[in-house]
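Coordinates from final.txt are shown below (compact mmCIF, C-alpha atoms).
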```txt
# COMPACT_ATOMS: atom_id res chain seq x y z
CA MET A 817 -25.69 4.63 -21.64
CA THR A 818 -26.25 8.36 -21.06
CA SER A 819 -26.99 9.78 -17.66
CA ASN A 820 -30.55 10.58 -18.81
CA ALA A 821 -31.15 6.84 -19.39
CA VAL A 822 -29.90 5.91 -15.93
CA PRO A 823 -32.49 5.69 -13.13
CA LEU A 824 -31.92 8.22 -10.40
CA HIS A 825 -30.76 5.57 -7.96
CA GLY A 826 -28.04 4.56 -10.41
CA LEU A 827 -26.47 7.98 -10.97
CA THR A 828 -22.86 8.48 -10.03
CA ALA A 829 -22.26 11.07 -7.34
CA THR A 830 -20.69 13.48 -9.84
CA GLU A 831 -23.63 13.09 -12.24
CA ALA A 832 -26.13 13.67 -9.46
CA ALA A 833 -24.18 16.66 -8.09
CA SER A 834 -24.07 18.25 -11.54
CA ARG A 835 -27.81 17.85 -12.03
CA LEU A 836 -28.52 19.17 -8.54
CA ARG A 837 -26.46 22.28 -9.30
CA ALA A 838 -28.16 22.72 -12.67
CA GLY A 839 -31.58 22.58 -11.05
CA ASP A 840 -32.96 19.66 -13.08
CA LEU A 841 -32.86 17.30 -10.10
CA THR A 842 -33.96 17.80 -6.52
CA SER A 843 -32.39 16.14 -3.53
CA ARG A 844 -35.83 14.94 -2.49
CA ASP A 845 -36.35 13.10 -5.77
CA LEU A 846 -32.87 11.57 -5.54
CA ILE A 847 -33.32 10.45 -1.92
CA ALA A 848 -36.80 9.11 -2.69
CA ALA A 849 -35.41 7.03 -5.56
CA CYS A 850 -32.68 5.60 -3.32
CA LEU A 851 -35.19 4.78 -0.57
CA LYS A 852 -37.45 3.06 -3.10
CA ARG A 853 -34.52 0.96 -4.32
CA ILE A 854 -33.61 0.06 -0.74
CA ALA A 855 -37.21 -0.93 0.00
CA ALA A 856 -37.25 -3.18 -3.06
CA ARG A 857 -33.86 -4.81 -2.58
CA ASP A 858 -32.50 -4.61 0.95
CA GLY A 859 -34.69 -7.35 2.32
CA ALA A 860 -32.45 -9.64 0.27
CA VAL A 861 -29.16 -7.71 0.16
CA LYS A 862 -29.15 -6.59 3.84
CA ALA A 863 -26.70 -3.74 3.31
CA TRP A 864 -28.21 -1.49 6.01
CA LEU A 865 -28.43 -1.62 9.78
CA ALA A 866 -30.36 1.67 9.99
CA ILE A 867 -32.00 4.12 7.59
CA HIS A 868 -32.44 7.72 8.71
CA PRO A 869 -36.13 8.29 9.48
CA ARG A 870 -35.89 11.95 8.43
CA ALA A 871 -34.06 11.41 5.16
CA LEU A 872 -36.78 12.95 2.99
CA GLU A 873 -37.20 15.91 5.33
CA MET A 874 -33.45 16.55 5.26
CA ALA A 875 -33.56 16.42 1.46
CA GLU A 876 -36.36 19.00 1.38
CA ASP A 877 -34.33 21.23 3.70
CA ALA A 878 -31.34 20.83 1.39
CA ASP A 879 -33.40 21.84 -1.64
CA ALA A 880 -34.34 25.08 0.10
CA VAL A 881 -30.71 26.19 0.54
CA PRO A 882 -29.58 28.83 -1.98
CA LEU A 883 -26.98 27.72 -4.54
CA SER A 884 -24.45 30.20 -3.17
CA LYS A 885 -24.48 28.47 0.22
CA ARG A 886 -24.22 24.88 -0.95
CA GLY A 887 -21.22 22.63 -0.36
CA ARG A 888 -19.59 20.15 -2.70
CA LEU A 889 -21.82 17.26 -1.61
CA HIS A 890 -25.02 19.22 -1.22
CA GLY A 891 -28.10 17.02 -1.36
CA LEU A 892 -26.18 13.80 -2.08
CA PRO A 893 -27.07 10.67 -0.09
CA VAL A 894 -24.14 8.92 1.57
CA GLY A 895 -23.99 5.63 3.45
CA VAL A 896 -21.83 5.38 6.57
CA LYS A 897 -20.29 2.17 7.89
CA ASP A 898 -21.67 1.47 11.34
CA VAL A 899 -18.38 2.00 13.16
CA PHE A 900 -18.52 5.79 12.63
CA ASP A 901 -20.23 7.76 15.39
CA THR A 902 -23.41 9.50 14.25
CA ARG A 903 -25.25 11.97 16.45
CA ASP A 904 -28.71 11.13 15.06
CA LEU A 905 -28.41 7.39 14.33
CA PRO A 906 -27.31 4.49 16.54
CA THR A 907 -23.73 3.27 16.23
CA THR A 908 -23.95 -0.46 16.91
CA HIS A 909 -20.66 -1.75 15.44
CA ASN A 910 -22.82 -4.77 14.45
CA SER A 911 -22.38 -5.93 18.03
CA PRO A 912 -25.22 -7.07 20.30
CA LEU A 913 -23.42 -5.25 23.12
CA PHE A 914 -24.00 -1.85 21.45
CA SER A 915 -27.46 -2.35 19.96
CA ASN A 916 -28.82 0.78 21.70
CA PHE A 917 -25.69 2.94 21.72
CA GLN A 918 -26.33 6.54 20.63
CA PRO A 919 -23.25 8.79 20.35
CA ALA A 920 -23.50 12.44 21.28
CA ALA A 921 -21.56 13.72 18.26
CA ASP A 922 -20.57 12.78 14.73
CA ALA A 923 -17.24 11.23 13.89
CA ALA A 924 -14.98 13.79 12.21
CA PRO A 925 -15.43 12.36 8.67
CA VAL A 926 -19.22 12.33 9.06
CA ASP A 927 -19.18 15.88 10.42
CA LEU A 928 -17.19 17.02 7.39
CA LEU A 929 -19.60 15.36 4.94
CA ARG A 930 -22.55 17.06 6.60
CA ALA A 931 -20.73 20.41 6.48
CA GLU A 932 -20.45 19.92 2.70
CA GLY A 933 -24.20 19.30 2.46
CA ALA A 934 -24.29 15.50 2.30
CA ILE A 935 -27.34 13.67 3.64
CA ILE A 936 -26.42 10.67 5.78
CA LEU A 937 -28.94 8.16 4.48
CA GLY A 938 -28.13 5.48 7.04
CA LYS A 939 -25.63 3.08 8.61
CA THR A 940 -24.25 0.15 6.63
CA ASP A 941 -23.54 -3.35 7.93
CA THR A 942 -20.05 -4.36 8.99
CA THR A 943 -18.09 -7.21 10.48
CA GLU A 944 -18.37 -6.74 14.26
CA PHE A 945 -16.31 -3.71 15.32
CA ALA A 946 -14.82 -3.83 11.77
CA ALA A 947 -12.52 -6.47 13.20
CA ALA A 948 -13.69 -10.03 13.94
CA GLY A 949 -16.53 -11.77 15.72
CA ARG A 950 -19.91 -11.58 14.02
CA ASP A 951 -19.97 -11.42 10.21
CA ALA A 952 -22.08 -8.89 8.36
CA ALA A 953 -25.35 -10.32 7.07
CA THR A 954 -24.88 -8.53 3.74
CA GLY A 955 -25.03 -10.60 0.58
CA ASN A 956 -23.33 -9.88 -2.72
CA PRO A 957 -25.82 -8.00 -4.92
CA VAL A 958 -24.68 -9.89 -8.03
CA ASP A 959 -25.09 -13.32 -6.41
CA LEU A 960 -26.73 -13.35 -3.00
CA THR A 961 -25.25 -16.74 -2.13
CA ARG A 962 -21.83 -15.08 -2.05
CA THR A 963 -20.21 -12.65 0.38
CA SER A 964 -19.97 -8.94 -0.28
CA GLY A 965 -16.67 -8.99 1.62
CA GLY A 966 -15.70 -7.48 4.89
CA SER A 967 -15.51 -5.64 6.96
CA SER A 968 -17.12 -2.83 4.90
CA ALA A 969 -19.75 -5.20 3.56
CA GLY A 970 -22.80 -2.95 3.49
CA SER A 971 -20.97 0.06 2.10
CA ALA A 972 -19.71 -1.80 -0.97
CA ALA A 973 -22.97 -3.65 -1.54
CA GLY A 974 -25.09 -0.53 -1.08
CA VAL A 975 -23.13 1.36 -3.74
CA ALA A 976 -23.12 -1.64 -6.09
CA ASP A 977 -26.86 -2.29 -5.81
CA GLY A 978 -28.01 1.27 -6.42
CA HIS A 979 -28.93 2.17 -2.85
CA VAL A 980 -26.52 5.10 -2.53
CA PRO A 981 -23.81 6.60 -4.79
CA LEU A 982 -21.17 7.02 -2.05
CA ALA A 983 -20.38 5.22 1.20
CA LEU A 984 -17.76 5.59 3.89
CA ALA A 985 -15.70 2.53 4.80
CA THR A 986 -12.60 1.65 6.82
CA GLN A 987 -9.58 -0.56 6.15
CA THR A 988 -7.29 -2.21 8.68
CA GLY A 989 -6.39 -5.17 6.49
CA GLY A 990 -8.42 -5.24 3.27
CA SER A 991 -11.82 -4.00 4.40
CA THR A 992 -12.34 -1.32 1.74
CA ILE A 993 -10.55 -2.71 -1.32
CA ARG A 994 -11.58 -6.38 -1.14
CA PRO A 995 -15.37 -5.74 -0.82
CA ALA A 996 -15.07 -3.39 -3.80
CA SER A 997 -13.55 -6.21 -5.84
CA PHE A 998 -16.23 -8.68 -4.76
CA CYS A 999 -19.10 -6.26 -5.49
CA GLY A 1000 -17.74 -4.52 -8.61
CA VAL A 1001 -17.41 -0.92 -7.43
CA TYR A 1002 -14.59 1.61 -7.17
CA ALA A 1003 -12.86 2.19 -3.85
CA PHE A 1004 -10.10 4.33 -2.40
CA LYS A 1005 -7.94 3.85 0.68
CA PRO A 1006 -5.82 7.01 1.04
CA SER A 1007 -2.36 7.23 2.50
CA PHE A 1008 -2.32 6.49 6.21
CA GLY A 1009 -3.13 9.45 8.43
CA LEU A 1010 -4.55 11.83 5.84
CA VAL A 1011 -8.18 11.50 6.95
CA SER A 1012 -9.14 11.96 10.60
CA ARG A 1013 -10.33 8.86 12.47
CA GLU A 1014 -11.76 10.82 15.40
CA GLY A 1015 -15.03 9.17 16.43
CA VAL A 1016 -14.38 5.91 14.54
CA LYS A 1017 -13.93 2.61 16.43
CA THR A 1018 -10.26 1.75 16.78
CA TYR A 1019 -8.95 -1.71 15.96
CA ALA A 1020 -5.24 -1.22 15.22
CA ASN A 1021 -3.96 2.29 15.71
CA SER A 1022 -1.06 1.93 13.24
CA LEU A 1023 -3.26 0.49 10.49
CA ASP A 1024 -6.84 1.81 10.66
CA THR A 1025 -7.58 3.99 7.63
CA ILE A 1026 -10.75 5.72 6.42
CA GLY A 1027 -11.81 4.74 2.90
CA TRP A 1028 -14.82 5.05 0.62
CA HIS A 1029 -16.78 3.29 -2.13
CA ALA A 1030 -18.18 4.89 -5.27
CA ARG A 1031 -19.22 4.24 -8.88
CA SER A 1032 -16.41 6.06 -10.68
CA VAL A 1033 -12.93 7.47 -10.21
CA GLU A 1034 -14.46 10.94 -10.45
CA ASP A 1035 -16.67 10.08 -7.46
CA LEU A 1036 -13.63 8.90 -5.50
CA SER A 1037 -11.91 12.18 -6.32
CA LEU A 1038 -14.96 14.17 -5.26
CA LEU A 1039 -14.65 12.80 -1.74
CA ALA A 1040 -10.86 13.08 -1.87
CA GLY A 1041 -11.30 16.80 -2.46
CA VAL A 1042 -13.65 17.08 0.50
CA PHE A 1043 -11.07 15.35 2.69
CA GLY A 1044 -8.34 17.73 1.54
CA LEU A 1045 -6.45 15.27 -0.68
CA THR A 1046 -7.08 16.75 -4.12
CA GLU A 1047 -9.62 18.71 -6.05
CA ALA A 1048 -12.20 16.71 -7.99
CA ILE A 1049 -10.83 15.67 -11.38
CA ARG A 1050 -12.07 14.42 -14.71
CA PRO A 1051 -10.40 11.84 -16.94
CA SER A 1052 -7.57 13.28 -19.03
CA LYS A 1053 -7.94 13.23 -22.81
CA GLY A 1054 -4.18 13.35 -23.19
CA SER A 1055 -2.10 10.71 -24.93
CA GLN A 1056 1.00 11.02 -22.75
CA ASP A 1057 2.92 7.83 -22.12
CA LEU A 1058 2.37 6.07 -18.83
CA SER A 1059 4.83 3.73 -17.16
CA ILE A 1060 2.87 0.95 -15.45
CA ALA A 1061 4.20 -1.84 -13.26
CA ILE A 1062 2.40 -5.13 -12.61
CA ALA A 1063 3.25 -6.66 -9.22
CA ARG A 1064 1.81 -10.08 -8.48
CA GLY A 1065 3.25 -9.84 -4.97
CA PRO A 1066 4.79 -12.40 -2.63
CA HIS A 1067 1.66 -14.55 -2.33
CA ALA A 1068 0.90 -15.11 -6.03
CA GLU A 1069 0.34 -18.82 -5.42
CA LYS A 1070 -2.92 -17.86 -3.64
CA LEU A 1071 -4.39 -16.28 -6.78
CA ASP A 1072 -6.99 -18.49 -8.40
CA GLY A 1073 -7.44 -18.72 -12.16
CA ASP A 1074 -9.95 -15.88 -12.33
CA ALA A 1075 -7.69 -13.48 -10.42
CA GLN A 1076 -4.72 -14.42 -12.59
CA ALA A 1077 -6.83 -13.83 -15.71
CA ALA A 1078 -7.94 -10.44 -14.37
CA LEU A 1079 -4.38 -9.31 -13.71
CA ALA A 1080 -3.30 -10.50 -17.15
CA ALA A 1081 -6.29 -8.78 -18.79
CA ALA A 1082 -5.45 -5.52 -17.06
CA GLY A 1083 -1.90 -5.66 -18.41
CA ASP A 1084 -3.05 -6.60 -21.92
CA ARG A 1085 -5.65 -3.83 -22.14
CA LEU A 1086 -3.23 -1.17 -20.93
CA ARG A 1087 -0.51 -2.43 -23.26
CA GLU A 1088 -2.95 -2.29 -26.20
CA ALA A 1089 -3.60 1.34 -25.26
CA GLY A 1090 0.08 2.01 -25.98
CA TRP A 1091 1.43 2.30 -22.47
CA ASP A 1092 4.65 0.79 -21.16
CA ILE A 1093 3.91 -2.29 -19.01
CA ARG A 1094 6.60 -3.91 -16.91
CA HIS A 1095 6.60 -6.62 -14.27
CA LEU A 1096 7.78 -5.56 -10.83
CA GLU A 1097 9.39 -8.06 -8.48
CA LEU A 1098 9.03 -7.00 -4.87
CA PRO A 1099 11.94 -7.57 -2.45
CA PRO A 1100 12.06 -11.06 -0.83
CA SER A 1101 11.56 -9.43 2.57
CA PHE A 1102 8.02 -8.48 1.52
CA ALA A 1103 7.02 -12.13 1.95
CA GLU A 1104 7.13 -11.54 5.72
CA LEU A 1105 4.98 -8.41 5.71
CA ASP A 1106 1.67 -10.24 6.01
CA HIS A 1107 3.00 -11.90 9.18
CA HIS A 1108 4.19 -8.55 10.53
CA HIS A 1109 0.82 -7.01 9.71
CA ARG A 1110 -0.91 -9.73 11.73
CA THR A 1111 1.43 -9.19 14.66
CA ILE A 1112 0.64 -5.47 14.78
CA LEU A 1113 -3.06 -6.13 14.18
CA HIS A 1114 -3.38 -8.53 17.10
CA ARG A 1115 -1.18 -6.71 19.60
CA GLU A 1116 -2.76 -3.31 18.92
CA GLY A 1117 -6.17 -5.03 18.79
CA ALA A 1118 -5.53 -6.28 22.31
CA ALA A 1119 -5.21 -2.69 23.49
CA ALA A 1120 -8.33 -1.63 21.59
CA PHE A 1121 -10.58 -4.34 23.06
CA ARG A 1122 -9.12 -4.83 26.54
CA ASN A 1123 -11.70 -2.58 28.21
CA LEU A 1124 -14.59 -4.33 26.45
CA ALA A 1125 -13.25 -7.74 27.50
CA ARG A 1126 -13.08 -6.53 31.09
CA ARG A 1127 -16.52 -4.92 31.02
CA PHE A 1128 -18.50 -7.57 29.13
CA GLY A 1129 -16.59 -10.78 29.85
CA ALA A 1130 -17.98 -13.82 28.08
CA ASP A 1131 -20.68 -11.72 26.39
CA LEU A 1132 -17.95 -10.29 24.12
CA HIS A 1133 -17.20 -12.57 21.16
CA ASP A 1134 -14.28 -14.91 21.83
CA ASP A 1135 -12.35 -13.50 18.84
CA PHE A 1136 -11.71 -10.36 20.87
CA HIS A 1137 -10.62 -12.30 23.93
CA HIS A 1138 -8.18 -14.05 21.61
CA ARG A 1139 -6.53 -10.68 20.91
CA VAL A 1140 -6.62 -9.51 24.53
CA GLU A 1141 -5.17 -12.75 25.89
CA ASN A 1142 -2.51 -12.89 23.14
CA ARG A 1143 -3.33 -16.52 22.43
CA ASP A 1144 -1.05 -16.64 19.40
CA ARG A 1145 1.84 -15.67 21.70
CA ARG A 1146 3.21 -12.69 19.76
CA SER A 1147 5.78 -11.08 22.05
CA LEU A 1148 6.62 -7.41 22.44
CA ALA A 1149 9.91 -8.20 20.74
CA ASP A 1150 7.86 -9.55 17.80
CA LEU A 1151 5.89 -6.31 17.79
CA ARG A 1152 9.04 -4.20 17.73
CA ALA A 1153 10.42 -6.33 14.87
CA ALA A 1154 7.17 -5.88 12.96
CA TYR A 1155 7.25 -2.11 13.36
CA ASP A 1156 10.89 -2.01 12.19
CA ALA A 1157 10.23 -4.24 9.18
CA ALA A 1158 7.25 -2.12 8.18
CA ALA A 1159 9.30 1.09 8.42
CA GLU A 1160 12.04 -0.33 6.20
CA ALA A 1161 9.55 -1.71 3.66
CA ARG A 1162 7.79 1.64 3.38
CA VAL A 1163 10.99 3.29 2.22
CA ASP A 1164 11.76 0.37 -0.10
CA PHE A 1165 8.35 0.45 -1.77
CA ASP A 1166 8.32 4.24 -2.12
CA LEU A 1167 11.62 4.00 -4.03
CA LEU A 1168 10.40 1.16 -6.25
CA ALA A 1169 7.03 2.74 -7.00
CA SER A 1170 8.51 6.16 -7.76
CA ASP A 1171 9.94 4.73 -11.00
CA PHE A 1172 6.40 4.23 -12.34
CA ASP A 1173 3.22 6.24 -12.79
CA VAL A 1174 1.27 3.45 -11.12
CA VAL A 1175 1.79 -0.04 -9.72
CA ILE A 1176 -1.00 -2.58 -10.30
CA ALA A 1177 -1.56 -5.53 -7.96
CA PRO A 1178 -4.36 -8.04 -7.27
CA SER A 1179 -7.32 -6.88 -5.17
CA ALA A 1180 -8.47 -10.32 -4.03
CA PRO A 1181 -7.63 -14.00 -4.48
CA GLY A 1182 -10.54 -14.37 -6.91
CA PHE A 1183 -14.30 -13.95 -7.12
CA ALA A 1184 -16.36 -13.49 -3.94
CA PRO A 1185 -16.63 -16.85 -2.16
CA VAL A 1186 -19.94 -18.42 -1.18
CA GLY A 1187 -21.13 -17.55 2.33
CA ARG A 1188 -20.73 -14.48 4.51
CA ARG A 1189 -17.10 -14.66 5.61
CA PRO A 1190 -15.15 -11.45 4.82
CA GLY A 1191 -12.54 -13.10 2.58
CA ASP A 1192 -8.76 -13.38 2.63
CA PRO A 1193 -6.98 -10.00 3.05
CA VAL A 1194 -3.55 -11.32 1.99
CA PHE A 1195 -3.50 -9.15 -1.16
CA ASN A 1196 -4.45 -5.99 0.77
CA ALA A 1197 -2.74 -6.18 4.15
CA ILE A 1198 0.73 -5.37 2.78
CA TRP A 1199 -0.45 -2.07 1.30
CA THR A 1200 -2.33 -1.16 4.48
CA LEU A 1201 0.79 -1.87 6.53
CA LEU A 1202 2.89 0.29 4.20
CA GLY A 1203 0.38 3.16 4.43
CA VAL A 1204 0.33 3.74 0.65
CA PRO A 1205 -2.72 4.94 -1.30
CA ALA A 1206 -4.68 2.09 -2.89
CA LEU A 1207 -7.50 2.37 -5.43
CA HIS A 1208 -9.65 -0.50 -6.64
CA ALA A 1209 -10.69 -0.39 -10.30
CA PRO A 1210 -13.17 -3.01 -11.57
CA LEU A 1211 -12.53 -4.92 -14.80
CA SER A 1212 -15.35 -5.59 -17.23
CA GLY A 1213 -15.91 -8.82 -19.10
CA PHE A 1214 -15.76 -11.39 -16.28
CA ALA A 1215 -18.46 -13.73 -15.03
CA LEU A 1216 -18.49 -12.08 -11.59
CA PRO A 1217 -17.05 -8.81 -10.27
CA ILE A 1218 -13.28 -8.63 -10.04
CA GLY A 1219 -10.65 -5.94 -10.47
CA VAL A 1220 -7.18 -4.73 -9.62
CA THR A 1221 -5.56 -2.41 -7.10
CA LEU A 1222 -3.73 0.72 -8.29
CA LEU A 1223 -0.91 1.81 -5.98
CA GLY A 1224 1.59 4.62 -5.58
CA PRO A 1225 4.18 5.77 -3.04
CA ARG A 1226 2.98 7.24 0.23
CA PHE A 1227 1.22 10.60 -0.18
CA SER A 1228 0.98 10.33 -3.97
CA ASP A 1229 -2.81 10.33 -3.61
CA PRO A 1230 -3.55 13.19 -6.04
CA SER A 1231 -1.40 11.74 -8.83
CA LEU A 1232 -2.77 8.22 -8.26
CA LEU A 1233 -6.32 9.50 -8.65
CA ALA A 1234 -5.32 11.38 -11.80
CA VAL A 1235 -3.70 8.30 -13.34
CA ALA A 1236 -6.67 6.14 -12.33
CA ALA A 1237 -9.01 8.52 -14.14
CA ARG A 1238 -7.01 7.89 -17.33
CA ILE A 1239 -6.68 4.13 -17.14
CA ALA A 1240 -10.05 3.12 -15.63
CA PRO A 1241 -11.87 3.56 -18.98
CA VAL A 1242 -9.26 1.31 -20.62
CA LEU A 1243 -9.79 -1.40 -18.02
CA ASN A 1244 -13.48 -1.14 -18.82
CA ALA A 1245 -13.08 -0.80 -22.60
CA HIS A 1246 -13.91 -4.31 -23.82
CA LYS A 1247 -17.45 -4.35 -22.48
CA PRO A 1248 -19.26 -1.64 -20.51
CA LEU A 1249 -19.06 -2.40 -16.82
CA GLU A 1250 -22.40 -3.36 -15.34
CA PHE A 1251 -23.16 -2.47 -11.75
CA ALA A 1252 -25.44 -4.75 -9.79
CA TRP A 1253 -28.40 -2.40 -10.18
CA GLN A 1254 -28.22 -2.88 -13.97
CA ILE A 1255 -28.44 -6.68 -13.79
CA PRO A 1256 -31.97 -8.17 -13.80
CA HIS A 1257 -32.78 -10.05 -10.60
```

Please re-express this file's structure in structure tokens.
Amino acid sequence: MTSNAVPLHGLTATEAASRLRAGDLTSRDLIAACLKRIAARDGAVKAWLAIHPRALEMAEDADAVPLSKRGRLHGLPVGVKDVFDTRDLPTTHNSPLFSNFQPAADAAPVDLLRAEGAIILGKTDTTEFAAAGRDAATGNPVDLTRTSGGSSAGSAAGVADGHVPLALATQTGGSTIRPASFCGVYAFKPSFGLVSREGVKTYANSLDTIGWHARSVEDLSLLAGVFGLTEAIRPSKGSQDLSIAIARGPHAEKLDGDAQAALAAAGDRLREAGWDIRHLELPPSFAELDHHHRTILHREGAAAFRNLARRFGADLHDDFHHRVENRDRRSLADLRAAYDAAAEARVDFDLLASDFDVVIAPSAPGFAPVGRRPGDPVFNAIWTLLGVPALHAPLSGFALPIGVTLLGPRFSDPSLLAVAARIAPVLNAHKPLEFAWQIPH
């Protein structure tokens, strides 16, 4: 399918940006197409908590800016998870306690997107405070009886269903990568600390990471360039050998048949392309990392929500009181042990992963489950704890969306994106990947 055959609401960000620069597409037409798609579909999908009332006016203003003064995202619509402060839209955190909260300034990532010319189309639904409590109402665009994942539910679903080509997300456990797997889009969680979290609700200070959803690796790289990680790239035409490791991880028994088939298919397709595929056994100590992640999550979460528990009392969801009151009895000695284990494992994984161009692991236990629960983060939490870059790549040819996570050592973000650009078309080679907006409803 050529870009000319794709409806405007289905363009990738790089396709739309190219056409905007060439002058054969206006931001107003692009925004209008996205708003029309949202009007037609979001009553069922429920990806959005707010749409900017001046979106079309902002697009017209963008069209009037001379080419020489335009940024890398000029005129592109972007969705923002509703835990990022926005100066002109409410930031509710999907919590009834913040339904009328209006920040005075943008979060740093939002401010940067605006500086590059992006149009913030609206705020996407999220698990309450991107943590616990109330689930997002968002359904999976491919099958509305199923979850879109959490906590970045609306961001993944909005990109998948043709509402917006790019959306900001966050990940503290698996909140960027797992929704991407459930909804069938690309996602990137950069190395910890590389993207400012100023103005974004804190859950766990050692884990919270800004991420984003998109429709291609090139789109992921476009935002990576904006955030100072790498310049935008295009897939390499080269035939150089790649050394690829497959790591099922310490919780492989939790993979259902579909997830096992997806991991096997990824290995088979890459092997058929002529690349070296090996199986990587992680150290036995990695089996404890999910427990350590939960210890850090809950103890740091207690600090993040203590003021809200004191201010709102029983009006705050009991999940947050659970953290504040330390009901699972994780001691400070447990917290210290978790920090130490994570530090050692980071060095261990960096050494293991440096022997390969990319490490591939599961993104989720299987297809999106029925309901609205976020899903099990067991196949994501380890990588969040280790602070390594993680990229979700969908696989074509399955009954429902599913994919794999591409990993590298800490701060290998540019090379991981470059490798992903080469192997993503191979993962999608057997049948063109269909996004939700292409599937008749």

Write out as a Markdown table a residue-level contact list of stretch 1091-1200 of chain A versus stretch 1069-1078 of chain A with cut-off 10 Å: for each qualifying residue the closest pair of atoms and the distance in Å to one decimal, counting all atoms listed in the file, rows sorted by chain and residue number upward.
```
| residue | atom | partner | partner_atom | distance |
| --- | --- | --- | --- | --- |
| A:Pro1178 | CA | A:Ala1075 | CA | 7.1 |
| A:Ser1179 | CA | A:Ala1075 | CA | 8.4 |
| A:Ala1180 | CA | A:Ala1075 | CA | 7.2 |
| A:Pro1181 | CA | A:Leu1071 | CA | 4.6 |
| A:Gly1182 | CA | A:Ala1075 | CA | 4.6 |
| A:Phe1183 | CA | A:Asp1074 | CA | 7.1 |
| A:Asp1192 | CA | A:Lys1070 | CA | 9.7 |
| A:Val1194 | CA | A:Lys1070 | CA | 8.7 |
| A:Phe1195 | CA | A:Lys1070 | CA | 9.1 |
```

Which one is closest to A:Arg1238: A:Ala860, A:Ala878, A:Leu1058, A:Ala1215? Count all atoms listed in the file.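 Using all atoms listed in the file, the shortest distance to A:Arg1238 belongs to A:Leu1058.
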
Around (-0.5, -7.6, 17.2), as given in the file, which residues come within 12 Å? Count only C-alpha atoms and list them as a count of residues only. 38

Find the residues near A:Gly966: any atom within 7 Å, counting all atoms listed in the file, skip ones fewer than 3 places away on the same chain, and give them as an MDAnalysis selection string. chainID A and resid 942:943 969 991 995 1190:1191

As lines of an AutoDock Vina configuration file: centre and edge lengths in Å, one decimal, of the axis-aligned box holding stretch 1059-1064 of chain A with 4 Å per side:
```
center_x = 3.3
center_y = -3.2
center_z = -12.8
size_x = 11.0
size_y = 21.8
size_z = 16.7
```

Nearest to A:Ser1032 by atom-to-atom distance, counting all atoms listed in the file, from A:Arg1188, A:His1208, A:His890, A:His868: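 Of the candidates, the smallest distance to A:Ser1032 is held by A:His1208.
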
Residue nearest A:Leu913 - candidates A:Lys885, A:His1246, A:Arg950, A:Arg870, atoms counted: all atoms listed in the file: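 Of the candidates, the smallest distance to A:Leu913 is held by A:Arg950.
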
I'd like the neighbourhood of A:Val822 as a list of chain:residue names, where a residue qualifies if any of its atoms comes within 12 Å (using all atoms listed in the file), though same-chain residues fewer than 6 positions away should be ignored.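 Contacts, in chain order: A:Thr828, A:Glu831, A:Ala832, A:Ala849, A:Gly978, A:Glu1250, A:Phe1251, A:Trp1253, A:Gln1254.
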
May I have the residues within 8 Å of A:Val958 as a ChimeraX atom specification, using all atoms listed in the file and disregarding those fewer than 6 positions away in the same chain? /A:999,1216,1252,1255

Residues at most 12 Å from stretch 1242-1244 of chain A, counting all atoms listed in the file, excluding those fewer than 2 positions away in the same chain, as a tab-separated table (two decimals) with C-alpha atoms, in the frame of the given file?
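result-v2.tsv, freshly written:
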```tsv
chain	number	residue	atom	x	y	z
A	1000	GLY	CA	-17.74	-4.52	-8.61
A	1032	SER	CA	-16.41	6.06	-10.68
A	1051	PRO	CA	-10.40	11.84	-16.94
A	1078	ALA	CA	-7.94	-10.44	-14.37
A	1079	LEU	CA	-4.38	-9.31	-13.71
A	1080	ALA	CA	-3.30	-10.50	-17.15
A	1081	ALA	CA	-6.29	-8.78	-18.79
A	1082	ALA	CA	-5.45	-5.52	-17.06
A	1083	GLY	CA	-1.90	-5.66	-18.41
A	1084	ASP	CA	-3.05	-6.60	-21.92
A	1085	ARG	CA	-5.65	-3.83	-22.14
A	1086	LEU	CA	-3.23	-1.17	-20.93
A	1087	ARG	CA	-0.51	-2.43	-23.26
A	1088	GLU	CA	-2.95	-2.29	-26.20
A	1089	ALA	CA	-3.60	1.34	-25.26
A	1090	GLY	CA	0.08	2.01	-25.98
A	1091	TRP	CA	1.43	2.30	-22.47
A	1176	ILE	CA	-1.00	-2.58	-10.30
A	1208	HIS	CA	-9.65	-0.50	-6.64
A	1209	ALA	CA	-10.69	-0.39	-10.30
A	1210	PRO	CA	-13.17	-3.01	-11.57
A	1211	LEU	CA	-12.53	-4.92	-14.80
A	1212	SER	CA	-15.35	-5.59	-17.23
A	1213	GLY	CA	-15.91	-8.82	-19.10
A	1214	PHE	CA	-15.76	-11.39	-16.28
A	1218	ILE	CA	-13.28	-8.63	-10.04
A	1219	GLY	CA	-10.65	-5.94	-10.47
A	1220	VAL	CA	-7.18	-4.73	-9.62
A	1221	THR	CA	-5.56	-2.41	-7.10
A	1222	LEU	CA	-3.73	0.72	-8.29
A	1235	VAL	CA	-3.70	8.30	-13.34
A	1236	ALA	CA	-6.67	6.14	-12.33
A	1237	ALA	CA	-9.01	8.52	-14.14
A	1238	ARG	CA	-7.01	7.89	-17.33
A	1239	ILE	CA	-6.68	4.13	-17.14
A	1240	ALA	CA	-10.05	3.12	-15.63
A	1246	HIS	CA	-13.91	-4.31	-23.82
A	1247	LYS	CA	-17.45	-4.35	-22.48
A	1248	PRO	CA	-19.26	-1.64	-20.51
A	1249	LEU	CA	-19.06	-2.40	-16.82
A	1250	GLU	CA	-22.40	-3.36	-15.34
```

Which residues come within 12 Å of A:Pro925, counting all atoms listed in the file, excluding same-chain residues fewer than 4 positions away, as a VMD selection string? chain A and resid 894 896 to 897 899 to 902 921 929 to 932 934 936 983 to 986 1010 to 1016 1025 to 1028 1039 to 1040 1042 to 1044
